[in-house]
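**Q** One structure coming up, written as structure tokens, with questions to follow.
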2 protein chains.
Amino acid sequence: MTDFQGKPVLVTGGLGLLGSAIARHLVHAGARVTIVDSLEPLFGGNRNNIASIENQVEVHIGDIGDTDLMARLVRGKTHIFELAAQISHMDSMHNPQRDLAINCAGTLGLLELCRRLAPEIRVVFASTRQIYGTPQYLPVDEQHRLRPPDINGIHKVAAEDYHRLYNEVYGLRSTTLRLTNIYGPGMRVRDARQTFVGLWFKLLIEGRPISIFGDGQQRRDFTYVDDCAEAFLAAAGDAHVGATYNLGGDGPVSLTELARRMMAANGGGEVAHIPFPADRKAIDIGDYWADDSAFRGASDWLPRTSLDKGLQSTLAFYRQHLPAYL
Amino acid sequence: MTDFQGKPVLVTGGLGLLGSAIARHLVHAGARVTIVDSLEPLFGGNRNNIASIENQVEVHIGDIGDTDLMARLVRGKTHIFELAAQISHMDSMHNPQRDLAINCAGTLGLLELCRRLAPEIRVVFASTRQIYGTPQYLPVDEQHRLRPPDINGIHKVAAEDYHRLYNEVYGLRSTTLRLTNIYGPGMRVRDARQTFVGLWFKLLIEGRPISIFGDGQQRRDFTYVDDCAEAFLAAAGDAHVGATYNLGGDGPVSLTELARRMMAANGGGEVAHIPFPADRKAIDIGDYWADDSAFRGASDWLPRTSLDKGLQSTLAFYRQHLPAYL
């Protein structure tokens, strides 16, 4: 495990679900953490996410496309965890140029700054399972062909490839983790932009029915946010330079089964099956779960939180904090 | 073969080597041709390229990123041949954001206009062999893995993928052709931005030595521009909607052998072997030649111009027209 004691570390998107969890883990590991986050209302950032560490981190509200700001923030850092992104699949279809500006131009700009101002920096980049598209086999490993079903996926492929190229051509030391559904305290719950699971928590707590599109038989996997944050810290190790890994969780469950377990954790609830909206169906990938044995084998990482335990913690959090996330 | 008689057709990058050749072939097939080209000094456009058809085509000087202009040009067209691009590999490394703006934002903007204003339009898109990176086997077929060695290649992968996605999600009817080195009358010869072959023609005619980087043993394939233009017209057929094909030429030759044949066609010349510049070596792909049997099998297309004949025609052209290309 990397020794982060006293290290100056930058987390982009550091007020989001995963960025803030990484920031917390870094603070606990002794790092001097700087966060940059746009707090763009349609994205995942929320100041409440860093309530427990707010006096221990430096926070900048700004866009990763702001070259002057980012130059100041990148200079002198030993590590950067790149979480800032537009992650809504639907929004990427409705406004593809905005997705391009953030996920491609923003990432590329940041890598240019890194190679020029901080060539020794260690980068860990958050990518997505979405780039595989509809799986040809399950579980999906890193050799699976890439066939993004939406604009967001196309741009994440390019952003991954920038990291590979800057590693090959300029020696910039980066690692990419491909994420599946991340959930936990701090997730966006006011709508389904981050994942539908967020919205489900809100509906359950409000005593309203969970909507499942179609028959709910599609299976997915889920990573608890603290497990995922631990993976990011582990991925910063020297052994992983130039590598790209899947991250999974506690095995796949169907969406119907997920709803059942969430209702059990909640002590009640209701499901409404509704027809799959055509625009969502067009970019849906069906069943997906990750083969993350490559990363498990190459690191000490194991997801430690069972799905049931994670759902309980998340519900407990939102019973207390829901108003801060509406 | 598509009947182009009377059809309103748009060619982007239509003053370039290949765009102008496609425009000529379309005019001869009876199409009503509109050309848009930026005449950006570092790109391939040259008004001399349409000298033989200048009274038969409508020409707009402008950028594909100019949404108002492009909306006017796309509306009412039956076909669009997309040639406009930043194609210099080195320039893409020195100014990656510019490559992104043209090859990603420009392409995406054009596809958005097509799906909104001309959903029935037939699109043929020019991609590049560069996206394969260093070949794992030869000849390279369309199933070869994609591993772009430079920013330009990464953006062309994304641009191809936009076309696939807009076909799958919106039914936009497109075909992609992956090109190798295109040469012939009309190519950029003032430097190696389009291909090193252009510069070689200029040096030969000026009586100066051709520079070969390294040992010159890397083998490449070359498509004569009129053969390539015929392929683009053939690719507009209904049978090719949604397909992606390689285009090759008259078999591979080493760069040393190419230089020898160019000097023979020229009746003399000289070669200087110089060390491979480090920045070019870093993105060089070594040997490459295309397996284009998929397109040959699916169409009536065959490259008809032998390398020797093509080299002779090109030399004859530049002996007459060199000043217009300096």
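Letters for chains follow the order of the structure tokens (A, B, ...), residue numbers begin at 1 for each chain, and ligand numbers begin at 1 in the order shown.
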Could you list the residues in chain B lying within 12 Å of chain A, using only C-alpha atoms, and format the result as a PyMOL selection string?

**A** chain B and resi 65+92-101+103-112+131+133+143-171+278-284

**Q** Please provide as a PyMOL selection string all residues within 7 Å of stretch 214-216 of chain A, with the sequence filter that same-chain residues fewer than 2 positions apart are discarded (counting only C-alpha atoms).

**A** chain A and resi 212+218+254-256+273-276

**Q** Here is a test: counting only C-alpha atoms, which residue of A:Gly6, A:Gly268, A:Gly186, A:Gly16 is nearest to A:Ala324?

**A** A:Gly186

**Q** Using DSSP on the backbone coordinates, identify all residues within stretch 8-189 of chain B classified as alpha helix (DSSP H); present the result as JSON, numbers by chain.

**A** {"B": [17, 18, 19, 20, 21, 22, 23, 24, 25, 26, 27, 28, 67, 68, 69, 70, 71, 72, 73, 74, 89, 90, 91, 92, 93, 94, 96, 97, 98, 99, 107, 108, 109, 110, 111, 112, 113, 114, 115, 116, 117, 151, 152, 153, 154, 155, 156, 157, 158, 159, 160, 161, 162, 163, 164, 165, 166, 167, 168, 169, 170]}

**Q** Report as a ChimeraX atom specification all protein, DNA and RNA residues lying within 9 Å of A:Tyr318, evaluated on only C-alpha atoms, omitting residues in the same chain fewer than 2 positions from it.

**A** /A:185-186,201-202,205,313-316,320-323,325

**Q** Could you write out that same residue set with all heavy atoms as an mmCIF file, in the first residue's frame?

**A**
```cif
data_model
loop_
_atom_site.group_PDB
_atom_site.id
_atom_site.type_symbol
_atom_site.label_atom_id
_atom_site.label_comp_id
_atom_site.auth_asym_id
_atom_site.auth_seq_id
_atom_site.Cartn_x
_atom_site.Cartn_y
_atom_site.Cartn_z
ATOM 1 N N PRO A 185 -23.603 5.968 1.125
ATOM 2 C CA PRO A 185 -23.859 7.300 1.658
ATOM 3 C C PRO A 185 -23.160 8.349 0.811
ATOM 4 O O PRO A 185 -21.966 8.212 0.518
ATOM 5 C CB PRO A 185 -23.253 7.239 3.067
ATOM 6 C CG PRO A 185 -23.325 5.798 3.438
ATOM 7 C CD PRO A 185 -23.066 5.056 2.158
ATOM 8 N N GLY A 186 -23.889 9.377 0.373
ATOM 9 C CA GLY A 186 -23.307 10.433 -0.440
ATOM 10 C C GLY A 186 -23.720 10.387 -1.891
ATOM 11 O O GLY A 186 -23.385 11.286 -2.660
ATOM 12 N N PHE A 201 -33.472 4.640 -3.243
ATOM 13 C CA PHE A 201 -33.340 4.941 -1.800
ATOM 14 C C PHE A 201 -34.291 6.067 -1.402
ATOM 15 O O PHE A 201 -34.976 6.002 -0.382
ATOM 16 C CB PHE A 201 -31.892 5.336 -1.459
ATOM 17 C CG PHE A 201 -30.955 4.170 -1.324
ATOM 18 C CD1 PHE A 201 -29.893 4.001 -2.201
ATOM 19 C CD2 PHE A 201 -31.130 3.227 -0.308
ATOM 20 C CE1 PHE A 201 -29.022 2.920 -2.077
ATOM 21 C CE2 PHE A 201 -30.258 2.147 -0.174
ATOM 22 C CZ PHE A 201 -29.212 1.988 -1.067
ATOM 23 N N LYS A 202 -34.294 7.107 -2.195
ATOM 24 C CA LYS A 202 -35.157 8.252 -1.895
ATOM 25 C C LYS A 202 -36.627 7.825 -1.881
ATOM 26 O O LYS A 202 -37.373 8.154 -0.941
ATOM 27 C CB LYS A 202 -34.926 9.343 -2.947
ATOM 28 C CG LYS A 202 -35.936 10.478 -2.932
ATOM 29 C CD LYS A 202 -35.516 11.572 -3.910
ATOM 30 C CE LYS A 202 -36.583 12.635 -4.090
ATOM 31 N NZ LYS A 202 -37.680 12.222 -4.988
ATOM 32 N N ILE A 205 -37.513 5.753 1.233
ATOM 33 C CA ILE A 205 -37.575 6.545 2.470
ATOM 34 C C ILE A 205 -38.805 7.440 2.476
ATOM 35 O O ILE A 205 -39.428 7.672 3.518
ATOM 36 C CB ILE A 205 -36.269 7.362 2.637
ATOM 37 C CG1 ILE A 205 -35.142 6.395 2.999
ATOM 38 C CG2 ILE A 205 -36.418 8.435 3.721
ATOM 39 C CD1 ILE A 205 -33.769 7.028 3.042
ATOM 40 N N SER A 313 -26.555 0.458 5.593
ATOM 41 C CA SER A 313 -25.808 1.681 5.921
ATOM 42 C C SER A 313 -26.318 2.867 5.115
ATOM 43 O O SER A 313 -26.410 3.989 5.616
ATOM 44 C CB SER A 313 -24.322 1.527 5.580
ATOM 45 O OG SER A 313 -23.802 0.410 6.193
ATOM 46 N N THR A 314 -26.602 2.607 3.851
ATOM 47 C CA THR A 314 -27.029 3.703 2.979
ATOM 48 C C THR A 314 -28.401 4.213 3.405
ATOM 49 O O THR A 314 -28.639 5.427 3.495
ATOM 50 C CB THR A 314 -27.051 3.227 1.518
ATOM 51 O OG1 THR A 314 -25.811 2.591 1.232
ATOM 52 C CG2 THR A 314 -27.251 4.404 0.576
ATOM 53 N N LEU A 315 -29.306 3.280 3.704
ATOM 54 C CA LEU A 315 -30.637 3.696 4.178
ATOM 55 C C LEU A 315 -30.521 4.487 5.477
ATOM 56 O O LEU A 315 -31.191 5.521 5.651
ATOM 57 C CB LEU A 315 -31.529 2.469 4.383
ATOM 58 C CG LEU A 315 -32.221 1.968 3.121
ATOM 59 C CD1 LEU A 315 -32.770 0.563 3.334
ATOM 60 C CD2 LEU A 315 -33.342 2.923 2.693
ATOM 61 N N ALA A 316 -29.691 4.001 6.388
ATOM 62 C CA ALA A 316 -29.516 4.700 7.670
ATOM 63 C C ALA A 316 -29.025 6.125 7.432
ATOM 64 O O ALA A 316 -29.499 7.081 8.055
ATOM 65 C CB ALA A 316 -28.527 3.926 8.549
ATOM 66 N N GLN A 320 -31.255 9.995 7.910
ATOM 67 C CA GLN A 320 -30.789 11.140 8.681
ATOM 68 C C GLN A 320 -30.535 12.377 7.799
ATOM 69 O O GLN A 320 -30.773 13.505 8.219
ATOM 70 C CB GLN A 320 -29.474 10.733 9.377
ATOM 71 C CG GLN A 320 -29.031 11.671 10.465
ATOM 72 C CD GLN A 320 -27.786 11.125 11.188
ATOM 73 O OE1 GLN A 320 -27.388 9.967 11.006
ATOM 74 N NE2 GLN A 320 -27.192 11.967 12.013
ATOM 75 N N HIS A 321 -30.037 12.150 6.578
ATOM 76 C CA HIS A 321 -29.504 13.269 5.785
ATOM 77 C C HIS A 321 -30.285 13.586 4.505
ATOM 78 O O HIS A 321 -29.816 14.404 3.706
ATOM 79 C CB HIS A 321 -28.050 12.967 5.383
ATOM 80 C CG HIS A 321 -27.110 12.875 6.548
ATOM 81 N ND1 HIS A 321 -26.684 13.989 7.248
ATOM 82 C CD2 HIS A 321 -26.522 11.801 7.150
ATOM 83 C CE1 HIS A 321 -25.859 13.604 8.221
ATOM 84 N NE2 HIS A 321 -25.753 12.284 8.182
ATOM 85 N N LEU A 322 -31.420 12.953 4.297
ATOM 86 C CA LEU A 322 -32.100 13.113 3.002
ATOM 87 C C LEU A 322 -32.260 14.571 2.571
ATOM 88 O O LEU A 322 -31.983 14.896 1.400
ATOM 89 C CB LEU A 322 -33.452 12.384 2.998
ATOM 90 C CG LEU A 322 -34.135 12.321 1.629
ATOM 91 C CD1 LEU A 322 -33.279 11.604 0.605
ATOM 92 C CD2 LEU A 322 -35.505 11.628 1.738
ATOM 93 N N PRO A 323 -32.692 15.485 3.451
ATOM 94 C CA PRO A 323 -32.920 16.864 2.989
ATOM 95 C C PRO A 323 -31.696 17.502 2.321
ATOM 96 O O PRO A 323 -31.850 18.314 1.397
ATOM 97 C CB PRO A 323 -33.287 17.600 4.289
ATOM 98 C CG PRO A 323 -33.860 16.542 5.167
ATOM 99 C CD PRO A 323 -33.070 15.302 4.862
ATOM 100 N N TYR A 325 -29.815 16.213 0.315
ATOM 101 C CA TYR A 325 -29.592 15.614 -1.010
ATOM 102 C C TYR A 325 -30.776 15.804 -1.960
ATOM 103 O O TYR A 325 -30.816 15.196 -3.015
ATOM 104 C CB TYR A 325 -29.225 14.134 -0.853
ATOM 105 C CG TYR A 325 -27.857 13.971 -0.218
ATOM 106 C CD1 TYR A 325 -27.704 13.972 1.169
ATOM 107 C CD2 TYR A 325 -26.714 13.887 -1.007
ATOM 108 C CE1 TYR A 325 -26.453 13.873 1.757
ATOM 109 C CE2 TYR A 325 -25.456 13.784 -0.428
ATOM 110 C CZ TYR A 325 -25.327 13.782 0.949
ATOM 111 O OH TYR A 325 -24.085 13.687 1.508
#
```

**Q** Near A:Asp238, counting only C-alpha atoms, which residues have an atom at most 9 Å away, once you skip same-chain residues fewer than 5 positions from it, shown as a ChimeraX atom specification?

**A** /A:2,122,173

**Q** Hey, what's within 9 Å of A:Arg188 if we count only C-alpha atoms and toss same-chain stuff fewer than 4 positions away? As number ranges by chain, please?

**A** A: 16-17, 43-46, 192-195, 198-199, 325-326

**Q** Using only C-alpha atoms, which residues sit within 12 Å of A:Asp3 once same-chain residues fewer than 3 positions away are excluded, as an MDAnalysis selection string?

**A** chainID A and resid 6:9 26:31 78:79 233:234 236:238

**Q** Got time to write the residues from that selection, N, CA, C and O atoms, as a short mmCIF file (atom, residue, chain, number, x, y, z; two decimals), in the first residue's frame?

**A**
```cif
data_model
loop_
_atom_site.label_atom_id
_atom_site.label_comp_id
_atom_site.auth_asym_id
_atom_site.auth_seq_id
_atom_site.Cartn_x
_atom_site.Cartn_y
_atom_site.Cartn_z
N GLY A 6 1.47 12.68 4.63
CA GLY A 6 2.06 13.96 4.28
C GLY A 6 2.06 14.29 2.80
O GLY A 6 2.53 15.35 2.39
N LYS A 7 1.53 13.38 1.98
CA LYS A 7 1.57 13.57 0.53
C LYS A 7 0.49 14.56 0.06
O LYS A 7 -0.66 14.47 0.49
N PRO A 8 0.87 15.48 -0.85
CA PRO A 8 -0.12 16.40 -1.42
C PRO A 8 -0.87 15.72 -2.57
O PRO A 8 -0.27 15.39 -3.60
N VAL A 9 -2.16 15.53 -2.37
CA VAL A 9 -2.96 14.73 -3.31
C VAL A 9 -4.16 15.54 -3.78
O VAL A 9 -4.79 16.24 -2.99
N LEU A 26 -8.10 9.10 2.12
CA LEU A 26 -6.77 9.73 2.02
C LEU A 26 -6.45 10.54 3.27
O LEU A 26 -5.32 10.50 3.78
N VAL A 27 -7.42 11.27 3.78
CA VAL A 27 -7.22 12.04 5.01
C VAL A 27 -6.85 11.09 6.15
O VAL A 27 -5.90 11.33 6.90
N HIS A 28 -7.57 9.98 6.24
CA HIS A 28 -7.27 9.02 7.29
C HIS A 28 -5.88 8.41 7.12
O HIS A 28 -5.26 7.99 8.09
N ALA A 29 -5.42 8.35 5.87
CA ALA A 29 -4.07 7.81 5.61
C ALA A 29 -2.99 8.89 5.75
O ALA A 29 -1.82 8.63 5.46
N GLY A 30 -3.39 10.10 6.17
CA GLY A 30 -2.41 11.14 6.45
C GLY A 30 -2.08 12.06 5.29
O GLY A 30 -1.17 12.90 5.40
N ALA A 31 -2.78 11.92 4.17
CA ALA A 31 -2.48 12.77 3.01
C ALA A 31 -2.98 14.19 3.24
O ALA A 31 -3.89 14.43 4.03
N THR A 78 1.63 14.88 -5.68
CA THR A 78 2.24 13.56 -5.94
C THR A 78 1.24 12.59 -6.57
O THR A 78 1.64 11.65 -7.25
N HIS A 79 -0.05 12.82 -6.29
CA HIS A 79 -1.09 11.91 -6.80
C HIS A 79 -2.30 12.71 -7.25
O HIS A 79 -2.61 13.74 -6.67
N LEU A 233 -7.22 3.72 -3.68
CA LEU A 233 -5.95 3.93 -2.97
C LEU A 233 -4.98 2.79 -3.28
O LEU A 233 -3.79 3.02 -3.54
N ALA A 234 -5.52 1.57 -3.34
CA ALA A 234 -4.66 0.42 -3.66
C ALA A 234 -4.10 0.52 -5.08
O ALA A 234 -2.96 0.14 -5.34
N ALA A 236 -3.13 2.97 -6.65
CA ALA A 236 -2.04 3.94 -6.80
C ALA A 236 -0.66 3.31 -6.60
O ALA A 236 0.36 3.97 -6.79
N GLY A 237 -0.64 2.03 -6.26
CA GLY A 237 0.64 1.35 -6.07
C GLY A 237 1.44 1.24 -7.37
O GLY A 237 0.87 1.19 -8.45
N ASP A 238 2.77 1.18 -7.23
CA ASP A 238 3.64 1.15 -8.41
C ASP A 238 3.38 -0.03 -9.33
O ASP A 238 3.57 0.06 -10.54
#
```
